[in-house]
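Okay, structure first, notes after.
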Amino acid sequence: MNKKLPLCSFFLYSLLIYLKKMDSLTQIVLGGAVGNALLGRKLKNKAVLYGAIAGTIPDLDVLAVFFTDPISALEFHRGLTHSILFAIFGAFFFGYLLYALEKKRGVTYEESCWFFFWGLFTHALLDVFTTWGTRVLWPMEYPFAFKSIFVVDPLYTLPFAFFLLWSMREKIDLDRRMRLNRWGLYCSSAYLGLTLLLKALAFYSFTEALDQQHTSYKAMSVKPTALNTILWTAIVETDDAFLIGEYSFFSEEPIVFQTYPKNHHLIGGLEKHDLIMRLVHISEGYYTFTEKNNDFYFNDLRFGVLREQGDEVQFAFSYKFYIDEEGELRVKEVEKDKRDGVKLLKSIWRKIWGLKED
């Protein structure tokens, strides 16, 4: 497989791969707030720093992309480092380091272990709410995912960061410091709960639309679009195709589903090929095959359509098959125009308000 990411895929890869971990800034804020809650009275702002480090550690699995191919990196992502096992054993290791650094300030080894356990584990718990899925019970392969919040959501992060920074300014009145920090945790947790309600409402709207259109289906995945919880998308599986529709709480436009044939016949008898099975597993079964100019592509539908012009459809994640010099079947990620990301966000904005496409 190709071990280098196409240069012009950088924007989308950053948005949907690296930032899919709920955005590194968000995890820093969460880790900092957890650290502040646990040791803020003893360490003050140093507790926030240590907590931010704890909240960042699980995301270091993204560095695998520099040592292996993109497919293997995706398989590794949100596995070991996001599991409860890692949180437990990591707590003893990192906790000892924290204890060695701060025991003179009254921090015990037990406090240090609990500090890093919650710093690591709350990272994974937050990721469970996102659209990607997290294998918190690794080595079990099942990805737990509520899919109620996009990997980057300003309405979650900004109020949370505001209260954390406000609490960090309070170095004398520690009761007030802890109170401000709790407000941030309460607000962020309440918003996560709200996203579950919004998802339920969107799910109902999609099922109602499918019933009205007399469409039978096998499965449906509902999740928010980028950076918001107003515009939602549904990927609906039928016998021979996938339907993709969008629903906005701010628009009265009827839900329209676009049809994308599965085209599983295009791969002939290769459905049991190791590479195909790995791609199918990563996509959680939401995939199609397409052919263009005698080239064949695997399309991961989970992050929707990036660009659609006439009969040409570009999905956010597509992989082109090719035969390497040794005659082995390989794939490489389809190159994307970095401007497509900006166009996608503009399209989402219009759809939120029910405005017509340009």
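Simple scheme: letters A, B, ... for chains in structure tokens order, numbers from 1 for residues in each chain, numbers from 1 for ligands in the order shown.
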
Selection: 7 Å around stretch 285-294 of chain A, only C-alpha atoms, excl. self and same-chain fewer than 3 positions, as a PyMOL selection string:
chain A and resi 261-264+266+280-281+297-302

Keeping only all heavy atoms, write the selected residues to a file as an mmCIF file, in the first residue's frame.
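Output saved as again05.cif:
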```
data_model
loop_
_atom_site.group_PDB
_atom_site.id
_atom_site.type_symbol
_atom_site.label_atom_id
_atom_site.label_comp_id
_atom_site.auth_asym_id
_atom_site.auth_seq_id
_atom_site.Cartn_x
_atom_site.Cartn_y
_atom_site.Cartn_z
ATOM 1 N N PRO A 261 -25.738 3.135 -5.677
ATOM 2 C CA PRO A 261 -25.723 1.667 -5.788
ATOM 3 C C PRO A 261 -24.499 1.063 -5.097
ATOM 4 O O PRO A 261 -23.409 1.632 -5.134
ATOM 5 C CB PRO A 261 -25.682 1.436 -7.301
ATOM 6 C CG PRO A 261 -26.227 2.687 -7.902
ATOM 7 C CD PRO A 261 -25.787 3.794 -6.995
ATOM 8 N N LYS A 262 -24.696 -0.098 -4.501
ATOM 9 C CA LYS A 262 -23.586 -0.774 -3.830
ATOM 10 C C LYS A 262 -22.537 -1.254 -4.831
ATOM 11 O O LYS A 262 -21.341 -1.218 -4.551
ATOM 12 C CB LYS A 262 -24.111 -1.960 -3.026
ATOM 13 C CG LYS A 262 -24.969 -1.569 -1.830
ATOM 14 C CD LYS A 262 -25.452 -2.808 -1.079
ATOM 15 C CE LYS A 262 -26.245 -2.443 0.153
ATOM 16 N NZ LYS A 262 -26.766 -3.637 0.872
ATOM 17 N N ASN A 263 -22.980 -1.747 -5.968
ATOM 18 C CA ASN A 263 -22.072 -2.225 -7.026
ATOM 19 C C ASN A 263 -21.097 -3.286 -6.530
ATOM 20 O O ASN A 263 -19.939 -3.329 -6.957
ATOM 21 C CB ASN A 263 -21.274 -1.050 -7.634
ATOM 22 C CG ASN A 263 -22.146 -0.106 -8.421
ATOM 23 O OD1 ASN A 263 -23.136 -0.505 -9.024
ATOM 24 N ND2 ASN A 263 -21.788 1.158 -8.414
ATOM 25 N N HIS A 264 -21.541 -4.156 -5.656
ATOM 26 C CA HIS A 264 -20.645 -5.188 -5.134
ATOM 27 C C HIS A 264 -20.202 -6.168 -6.211
ATOM 28 O O HIS A 264 -19.169 -6.842 -6.054
ATOM 29 C CB HIS A 264 -21.323 -5.943 -3.988
ATOM 30 C CG HIS A 264 -21.490 -5.102 -2.751
ATOM 31 N ND1 HIS A 264 -22.050 -5.580 -1.585
ATOM 32 C CD2 HIS A 264 -21.154 -3.803 -2.495
ATOM 33 C CE1 HIS A 264 -22.063 -4.618 -0.676
ATOM 34 N NE2 HIS A 264 -21.536 -3.532 -1.206
ATOM 35 N N LEU A 266 -18.863 -5.478 -8.905
ATOM 36 C CA LEU A 266 -17.676 -4.998 -9.615
ATOM 37 C C LEU A 266 -16.392 -5.705 -9.177
ATOM 38 O O LEU A 266 -15.419 -5.746 -9.937
ATOM 39 C CB LEU A 266 -17.514 -3.485 -9.408
ATOM 40 C CG LEU A 266 -18.569 -2.588 -10.067
ATOM 41 C CD1 LEU A 266 -18.312 -1.124 -9.722
ATOM 42 C CD2 LEU A 266 -18.573 -2.781 -11.587
ATOM 43 N N VAL A 280 -13.843 -3.164 4.380
ATOM 44 C CA VAL A 280 -15.242 -3.326 4.783
ATOM 45 C C VAL A 280 -15.377 -3.176 6.296
ATOM 46 O O VAL A 280 -16.303 -2.527 6.792
ATOM 47 C CB VAL A 280 -15.775 -4.699 4.319
ATOM 48 C CG1 VAL A 280 -17.144 -4.985 4.943
ATOM 49 C CG2 VAL A 280 -15.881 -4.747 2.800
ATOM 50 N N HIS A 281 -14.437 -3.749 7.028
ATOM 51 C CA HIS A 281 -14.466 -3.655 8.493
ATOM 52 C C HIS A 281 -14.312 -2.204 8.945
ATOM 53 O O HIS A 281 -15.045 -1.742 9.838
ATOM 54 C CB HIS A 281 -13.354 -4.513 9.086
ATOM 55 C CG HIS A 281 -13.266 -4.447 10.577
ATOM 56 N ND1 HIS A 281 -14.197 -5.040 11.406
ATOM 57 C CD2 HIS A 281 -12.371 -3.829 11.401
ATOM 58 C CE1 HIS A 281 -13.878 -4.803 12.664
ATOM 59 N NE2 HIS A 281 -12.779 -4.073 12.688
ATOM 60 N N TYR A 297 -12.852 1.632 -7.458
ATOM 61 C CA TYR A 297 -12.707 2.394 -6.224
ATOM 62 C C TYR A 297 -13.569 1.797 -5.114
ATOM 63 O O TYR A 297 -14.670 1.287 -5.366
ATOM 64 C CB TYR A 297 -13.126 3.856 -6.434
ATOM 65 C CG TYR A 297 -12.319 4.586 -7.475
ATOM 66 C CD1 TYR A 297 -12.640 4.492 -8.823
ATOM 67 C CD2 TYR A 297 -11.234 5.377 -7.108
ATOM 68 C CE1 TYR A 297 -11.895 5.153 -9.789
ATOM 69 C CE2 TYR A 297 -10.497 6.053 -8.053
ATOM 70 C CZ TYR A 297 -10.826 5.939 -9.396
ATOM 71 O OH TYR A 297 -10.080 6.600 -10.354
ATOM 72 N N PHE A 298 -13.049 1.896 -3.900
ATOM 73 C CA PHE A 298 -13.805 1.567 -2.694
ATOM 74 C C PHE A 298 -14.175 2.877 -2.021
ATOM 75 O O PHE A 298 -13.300 3.703 -1.733
ATOM 76 C CB PHE A 298 -12.959 0.706 -1.749
ATOM 77 C CG PHE A 298 -13.662 0.350 -0.465
ATOM 78 C CD1 PHE A 298 -14.334 -0.848 -0.348
ATOM 79 C CD2 PHE A 298 -13.635 1.210 0.629
ATOM 80 C CE1 PHE A 298 -14.983 -1.195 0.841
ATOM 81 C CE2 PHE A 298 -14.278 0.876 1.808
ATOM 82 C CZ PHE A 298 -14.953 -0.326 1.918
ATOM 83 N N ASN A 299 -15.466 3.086 -1.730
ATOM 84 C CA ASN A 299 -15.940 4.335 -1.139
ATOM 85 C C ASN A 299 -16.486 4.088 0.261
ATOM 86 O O ASN A 299 -17.437 3.322 0.435
ATOM 87 C CB ASN A 299 -17.041 4.949 -2.005
ATOM 88 C CG ASN A 299 -16.625 5.091 -3.449
ATOM 89 O OD1 ASN A 299 -15.648 5.756 -3.771
ATOM 90 N ND2 ASN A 299 -17.364 4.441 -4.346
ATOM 91 N N ASP A 300 -15.874 4.709 1.237
ATOM 92 C CA ASP A 300 -16.358 4.660 2.612
ATOM 93 C C ASP A 300 -17.395 5.768 2.767
ATOM 94 O O ASP A 300 -17.081 6.952 2.657
ATOM 95 C CB ASP A 300 -15.179 4.870 3.572
ATOM 96 C CG ASP A 300 -15.564 4.690 5.029
ATOM 97 O OD1 ASP A 300 -16.755 4.848 5.357
ATOM 98 O OD2 ASP A 300 -14.667 4.407 5.844
ATOM 99 N N LEU A 301 -18.646 5.379 3.034
ATOM 100 C CA LEU A 301 -19.747 6.341 3.023
ATOM 101 C C LEU A 301 -19.961 7.066 4.346
ATOM 102 O O LEU A 301 -20.767 7.998 4.410
ATOM 103 C CB LEU A 301 -21.059 5.631 2.655
ATOM 104 C CG LEU A 301 -21.088 4.823 1.360
ATOM 105 C CD1 LEU A 301 -22.500 4.312 1.115
ATOM 106 C CD2 LEU A 301 -20.619 5.660 0.177
ATOM 107 N N ARG A 302 -19.260 6.673 5.382
ATOM 108 C CA ARG A 302 -19.593 7.182 6.713
ATOM 109 C C ARG A 302 -19.454 8.694 6.850
ATOM 110 O O ARG A 302 -20.115 9.312 7.687
ATOM 111 C CB ARG A 302 -18.722 6.496 7.765
ATOM 112 C CG ARG A 302 -19.038 5.023 7.960
ATOM 113 C CD ARG A 302 -18.039 4.391 8.895
ATOM 114 N NE ARG A 302 -16.685 4.526 8.376
ATOM 115 C CZ ARG A 302 -15.599 4.476 9.136
ATOM 116 N NH1 ARG A 302 -15.721 4.341 10.439
ATOM 117 N NH2 ARG A 302 -14.392 4.578 8.607
#
```

Name the residues of stretch 89-288 of chain A that fall into strand (DSSP E) according to DSSP on the backbone, using the chain letters and numbers of this document, as a ChimeraX atom specification.
/A:219-224,231-237,241-248,257-261,287-288

Kindly save the residues from that selection, with C-alpha atoms included, as a JSON list (two decimals), in the first residue's frame.
```
[["chain", "number", "residue", "atom", "x", "y", "z"],
["A", 219, "ALA", "CA", -30.20, -0.47, 8.49],
["A", 220, "MET", "CA", -29.72, 3.26, 9.07],
["A", 221, "SER", "CA", -26.93, 5.35, 10.62],
["A", 222, "VAL", "CA", -27.78, 8.89, 11.74],
["A", 223, "LYS", "CA", -25.16, 11.45, 12.76],
["A", 224, "PRO", "CA", -24.51, 15.21, 12.71],
["A", 231, "LEU", "CA", -27.92, 19.52, 10.22],
["A", 232, "TRP", "CA", -28.02, 15.73, 10.42],
["A", 233, "THR", "CA", -27.36, 13.07, 7.83],
["A", 234, "ALA", "CA", -28.68, 9.54, 7.48],
["A", 235, "ILE", "CA", -27.07, 6.69, 5.57],
["A", 236, "VAL", "CA", -29.78, 4.15, 4.80],
["A", 237, "GLU", "CA", -29.00, 0.65, 3.57],
["A", 241, "ALA", "CA", -28.00, 0.55, -2.62],
["A", 242, "PHE", "CA", -27.38, 3.15, 0.05],
["A", 243, "LEU", "CA", -29.54, 6.23, 0.42],
["A", 244, "ILE", "CA", -28.09, 9.42, 1.89],
["A", 245, "GLY", "CA", -30.39, 12.17, 3.14],
["A", 246, "GLU", "CA", -30.06, 15.30, 5.27],
["A", 247, "TYR", "CA", -32.34, 16.96, 7.78],
["A", 248, "SER", "CA", -32.03, 20.41, 9.39],
["A", 257, "PHE", "CA", -32.54, 10.81, -0.33],
["A", 258, "GLN", "CA", -29.84, 10.37, -2.97],
["A", 259, "THR", "CA", -29.25, 6.81, -4.13],
["A", 260, "TYR", "CA", -25.80, 5.26, -4.45],
["A", 261, "PRO", "CA", -25.72, 1.67, -5.79],
["A", 287, "TYR", "CA", -19.45, 1.22, 1.46],
["A", 288, "THR", "CA", -19.87, 1.08, -2.30]]
```

Tell me, as a ChimeraX atom specification, which residues lie within 10 Å of A:Gly106, counting only C-alpha atoms; anything in the same chain fewer than 4 positions away does not count.
/A:42-43,99,102,111

Emit the selected residues as a JSON list (two decimals), in the first residue's frame, including all heavy atoms.
```
[["chain", "number", "residue", "atom", "x", "y", "z"],
["A", 42, "LYS", "N", -4.22, 21.41, 45.13],
["A", 42, "LYS", "CA", -2.82, 21.23, 45.51],
["A", 42, "LYS", "C", -1.85, 21.81, 44.49],
["A", 42, "LYS", "O", -0.83, 22.41, 44.86],
["A", 42, "LYS", "CB", -2.53, 19.74, 45.69],
["A", 42, "LYS", "CG", -3.16, 19.12, 46.91],
["A", 42, "LYS", "CD", -2.71, 17.67, 47.09],
["A", 42, "LYS", "CE", -3.28, 17.08, 48.38],
["A", 42, "LYS", "NZ", -2.82, 15.67, 48.60],
["A", 43, "LEU", "N", -2.15, 21.62, 43.22],
["A", 43, "LEU", "CA", -1.20, 22.01, 42.17],
["A", 43, "LEU", "C", -1.63, 23.23, 41.37],
["A", 43, "LEU", "O", -0.87, 23.70, 40.52],
["A", 43, "LEU", "CB", -0.99, 20.82, 41.21],
["A", 43, "LEU", "CG", -0.45, 19.54, 41.83],
["A", 43, "LEU", "CD1", -0.27, 18.47, 40.76],
["A", 43, "LEU", "CD2", 0.88, 19.79, 42.55],
["A", 99, "TYR", "N", 3.79, 11.45, 40.59],
["A", 99, "TYR", "CA", 4.11, 11.36, 42.02],
["A", 99, "TYR", "C", 5.56, 11.77, 42.28],
["A", 99, "TYR", "O", 5.86, 12.52, 43.21],
["A", 99, "TYR", "CB", 3.86, 9.94, 42.51],
["A", 99, "TYR", "CG", 4.39, 9.66, 43.90],
["A", 99, "TYR", "CD1", 3.82, 10.27, 45.01],
["A", 99, "TYR", "CD2", 5.46, 8.79, 44.08],
["A", 99, "TYR", "CE1", 4.32, 10.02, 46.29],
["A", 99, "TYR", "CE2", 5.96, 8.54, 45.35],
["A", 99, "TYR", "CZ", 5.38, 9.16, 46.46],
["A", 99, "TYR", "OH", 5.88, 8.92, 47.71],
["A", 102, "GLU", "N", 5.77, 15.60, 41.98],
["A", 102, "GLU", "CA", 4.98, 16.49, 42.84],
["A", 102, "GLU", "C", 4.76, 15.98, 44.26],
["A", 102, "GLU", "O", 3.95, 16.54, 44.99],
["A", 102, "GLU", "CB", 3.60, 16.73, 42.19],
["A", 102, "GLU", "CG", 3.68, 17.36, 40.82],
["A", 102, "GLU", "CD", 4.28, 18.76, 40.84],
["A", 102, "GLU", "OE1", 4.39, 19.36, 41.93],
["A", 102, "GLU", "OE2", 4.66, 19.27, 39.76],
["A", 111, "GLU", "N", -3.32, 9.36, 44.58],
["A", 111, "GLU", "CA", -3.93, 10.49, 43.87],
["A", 111, "GLU", "C", -3.40, 10.60, 42.45],
["A", 111, "GLU", "O", -4.17, 10.90, 41.51],
["A", 111, "GLU", "CB", -3.64, 11.79, 44.63],
["A", 111, "GLU", "CG", -4.41, 11.94, 45.92],
["A", 111, "GLU", "CD", -4.02, 13.20, 46.66],
["A", 111, "GLU", "OE1", -2.82, 13.57, 46.62],
["A", 111, "GLU", "OE2", -4.89, 13.83, 47.29]]
```

For A:Glu335, which of A:Thr81, A:Ser216, A:Thr225, A:Ser318 is the closest residue, counting only C-alpha atoms?
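When distances to A:Glu335 are compared using only C-alpha atoms, the smallest one comes from A:Ser318.
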
Closest of A:Tyr191, A:Trp349, A:Phe121, A:Phe92 to A:Ser251 - atom-to-atom distances counting only C-alpha atoms:
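Result for the nearest residue to A:Ser251: A:Trp349.
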
Using only C-alpha atoms, which protein or nucleic acid residues come within 12 Å of A:Lys346? Drop anything in the same chain fewer than 5 positions from it, and give the result as a PyMOL selection string.
chain A and resi 226-227+306-307+339-341+351-353+355-358

All heavy atoms of the current selection, written as a compact mmCIF listing (two decimals), in the first residue's frame:
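Done, and the output landed in selection-v2.txt:
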```txt
# COMPACT_ATOMS: atom_id res chain seq x y z
N ALA A 226 -20.60 18.24 9.89
CA ALA A 226 -19.42 18.89 10.48
C ALA A 226 -19.76 20.14 11.27
O ALA A 226 -20.53 20.99 10.83
CB ALA A 226 -18.42 19.24 9.38
N LEU A 227 -19.21 20.23 12.48
CA LEU A 227 -19.17 21.44 13.31
C LEU A 227 -20.52 21.87 13.87
O LEU A 227 -20.64 22.98 14.38
CB LEU A 227 -18.58 22.61 12.51
CG LEU A 227 -17.20 22.39 11.90
CD1 LEU A 227 -16.80 23.60 11.08
CD2 LEU A 227 -16.16 22.12 12.99
N LEU A 306 -18.26 14.40 -0.58
CA LEU A 306 -17.44 15.62 -0.55
C LEU A 306 -17.83 16.56 -1.68
O LEU A 306 -17.94 17.76 -1.50
CB LEU A 306 -15.97 15.24 -0.66
CG LEU A 306 -14.96 16.39 -0.66
CD1 LEU A 306 -15.06 17.18 0.64
CD2 LEU A 306 -13.55 15.85 -0.85
N ARG A 307 -18.04 15.99 -2.84
CA ARG A 307 -18.37 16.81 -4.01
C ARG A 307 -19.20 15.97 -4.97
O ARG A 307 -18.95 14.79 -5.18
CB ARG A 307 -17.10 17.28 -4.71
CG ARG A 307 -17.34 18.16 -5.94
CD ARG A 307 -16.06 18.56 -6.63
NE ARG A 307 -15.37 17.41 -7.22
CZ ARG A 307 -14.25 16.88 -6.76
NH1 ARG A 307 -13.67 17.37 -5.67
NH2 ARG A 307 -13.69 15.85 -7.35
N ARG A 339 -9.52 22.66 -1.63
CA ARG A 339 -10.63 23.61 -1.63
C ARG A 339 -11.96 22.94 -1.38
O ARG A 339 -12.95 23.60 -1.05
CB ARG A 339 -10.67 24.36 -2.97
CG ARG A 339 -9.46 25.26 -3.22
CD ARG A 339 -9.44 25.78 -4.64
NE ARG A 339 -9.28 24.69 -5.60
CZ ARG A 339 -9.19 24.89 -6.91
NH1 ARG A 339 -9.23 26.11 -7.41
NH2 ARG A 339 -9.05 23.86 -7.73
N ASP A 340 -12.02 21.62 -1.55
CA ASP A 340 -13.27 20.90 -1.35
C ASP A 340 -13.77 21.02 0.09
O ASP A 340 -14.97 21.03 0.34
CB ASP A 340 -13.12 19.43 -1.71
CG ASP A 340 -13.01 19.22 -3.22
OD1 ASP A 340 -13.46 20.12 -3.96
OD2 ASP A 340 -12.49 18.18 -3.65
N GLY A 341 -12.84 21.10 1.04
CA GLY A 341 -13.23 21.23 2.44
C GLY A 341 -13.99 22.52 2.69
O GLY A 341 -15.01 22.53 3.38
N LYS A 351 -27.41 24.36 3.70
CA LYS A 351 -28.40 23.32 4.00
C LYS A 351 -29.00 23.49 5.39
O LYS A 351 -30.17 23.13 5.60
CB LYS A 351 -27.75 21.94 3.87
CG LYS A 351 -27.39 21.57 2.44
CD LYS A 351 -26.64 20.26 2.37
CE LYS A 351 -26.28 19.90 0.94
NZ LYS A 351 -25.49 18.64 0.85
N ILE A 352 -28.25 24.01 6.32
CA ILE A 352 -28.79 24.27 7.65
C ILE A 352 -30.01 25.17 7.57
O ILE A 352 -31.02 24.96 8.25
CB ILE A 352 -27.72 24.89 8.57
CG1 ILE A 352 -26.72 23.82 9.02
CG2 ILE A 352 -28.36 25.56 9.78
CD1 ILE A 352 -25.56 24.35 9.83
N TRP A 353 -29.93 26.19 6.71
CA TRP A 353 -31.00 27.18 6.59
C TRP A 353 -31.96 26.87 5.45
O TRP A 353 -32.87 27.67 5.17
CB TRP A 353 -30.40 28.58 6.41
CG TRP A 353 -29.53 28.95 7.55
CD1 TRP A 353 -28.16 28.94 7.59
CD2 TRP A 353 -29.95 29.37 8.86
NE1 TRP A 353 -27.70 29.31 8.83
CE2 TRP A 353 -28.77 29.59 9.63
CE3 TRP A 353 -31.20 29.57 9.45
CZ2 TRP A 353 -28.84 30.01 10.96
CZ3 TRP A 353 -31.25 29.98 10.78
CH2 TRP A 353 -30.08 30.20 11.50
N LEU A 355 -31.27 26.79 2.25
CA LEU A 355 -31.01 27.62 1.08
C LEU A 355 -30.62 26.76 -0.11
O LEU A 355 -30.04 25.68 0.06
CB LEU A 355 -29.87 28.62 1.38
CG LEU A 355 -30.11 29.54 2.58
CD1 LEU A 355 -28.87 30.41 2.82
CD2 LEU A 355 -31.34 30.41 2.36
N LYS A 356 -30.93 27.22 -1.30
CA LYS A 356 -30.61 26.47 -2.51
C LYS A 356 -29.11 26.53 -2.77
O LYS A 356 -28.44 27.50 -2.45
CB LYS A 356 -31.38 27.05 -3.71
CG LYS A 356 -32.89 26.97 -3.58
CD LYS A 356 -33.37 25.54 -3.50
CE LYS A 356 -34.91 25.48 -3.42
NZ LYS A 356 -35.40 24.08 -3.32
N GLU A 357 -28.61 25.44 -3.36
CA GLU A 357 -27.20 25.38 -3.73
C GLU A 357 -26.93 26.37 -4.86
O GLU A 357 -27.77 26.63 -5.70
CB GLU A 357 -26.82 23.98 -4.19
CG GLU A 357 -26.92 22.93 -3.09
CD GLU A 357 -25.83 23.06 -2.05
OE1 GLU A 357 -24.77 23.60 -2.38
OE2 GLU A 357 -26.05 22.61 -0.92
N ASP A 358 -25.68 26.94 -4.86
CA ASP A 358 -25.30 27.88 -5.93
C ASP A 358 -25.19 27.14 -7.25
O ASP A 358 -24.78 25.98 -7.30
CB ASP A 358 -23.95 28.52 -5.59
CG ASP A 358 -24.07 29.44 -4.38
OD1 ASP A 358 -25.22 29.87 -4.08
OD2 ASP A 358 -23.03 29.71 -3.72
```

Using only C-alpha atoms, determine which residues lie at most 12 Å from A:Thr108, disregarding the query and same-chain residues fewer than 2 positions distant; provide the list as a list in words.
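My reading of the contact set: Leu39, Lys42, Gly95, Tyr96, Leu97, Leu98, Tyr99, Ala100, Leu101, Glu102, Lys103, Lys104, Arg105, Gly106, Glu110, Glu111, Ser112, Cys113, Trp114 and Phe115 of chain A.
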
So which residues touch A:Thr131 within 8 Å, counting only C-alpha atoms, skipping near sequence neighbours fewer than 6 positions away, as a PyMOL selection string?
chain A and resi 20+145-151+223-224

Find the residues near A:Phe144: any atom within 7 Å, counting only C-alpha atoms, skip ones fewer than 3 places away on the same chain, and give them as a short mmCIF file (atom, residue, chain, number, x, y, z; two decimals) with N, CA and C atoms, in the first residue's frame.
```cif
data_model
loop_
_atom_site.label_atom_id
_atom_site.label_comp_id
_atom_site.auth_asym_id
_atom_site.auth_seq_id
_atom_site.Cartn_x
_atom_site.Cartn_y
_atom_site.Cartn_z
N VAL A 128 -16.56 8.23 22.57
CA VAL A 128 -17.70 7.34 22.33
C VAL A 128 -18.89 8.11 21.78
N GLY A 133 -16.46 6.11 16.60
CA GLY A 133 -16.49 4.87 17.36
C GLY A 133 -15.17 4.61 18.06
N THR A 134 -15.22 4.07 19.27
CA THR A 134 -14.04 3.87 20.08
C THR A 134 -14.06 2.48 20.69
N ARG A 135 -12.95 1.76 20.58
CA ARG A 135 -12.89 0.39 21.10
C ARG A 135 -12.43 0.44 22.57
#
```

Please return as a count of residues only: the residues of stretch 197-242 of chain A that backbone DSSP assigns to alpha helix (DSSP H).
16
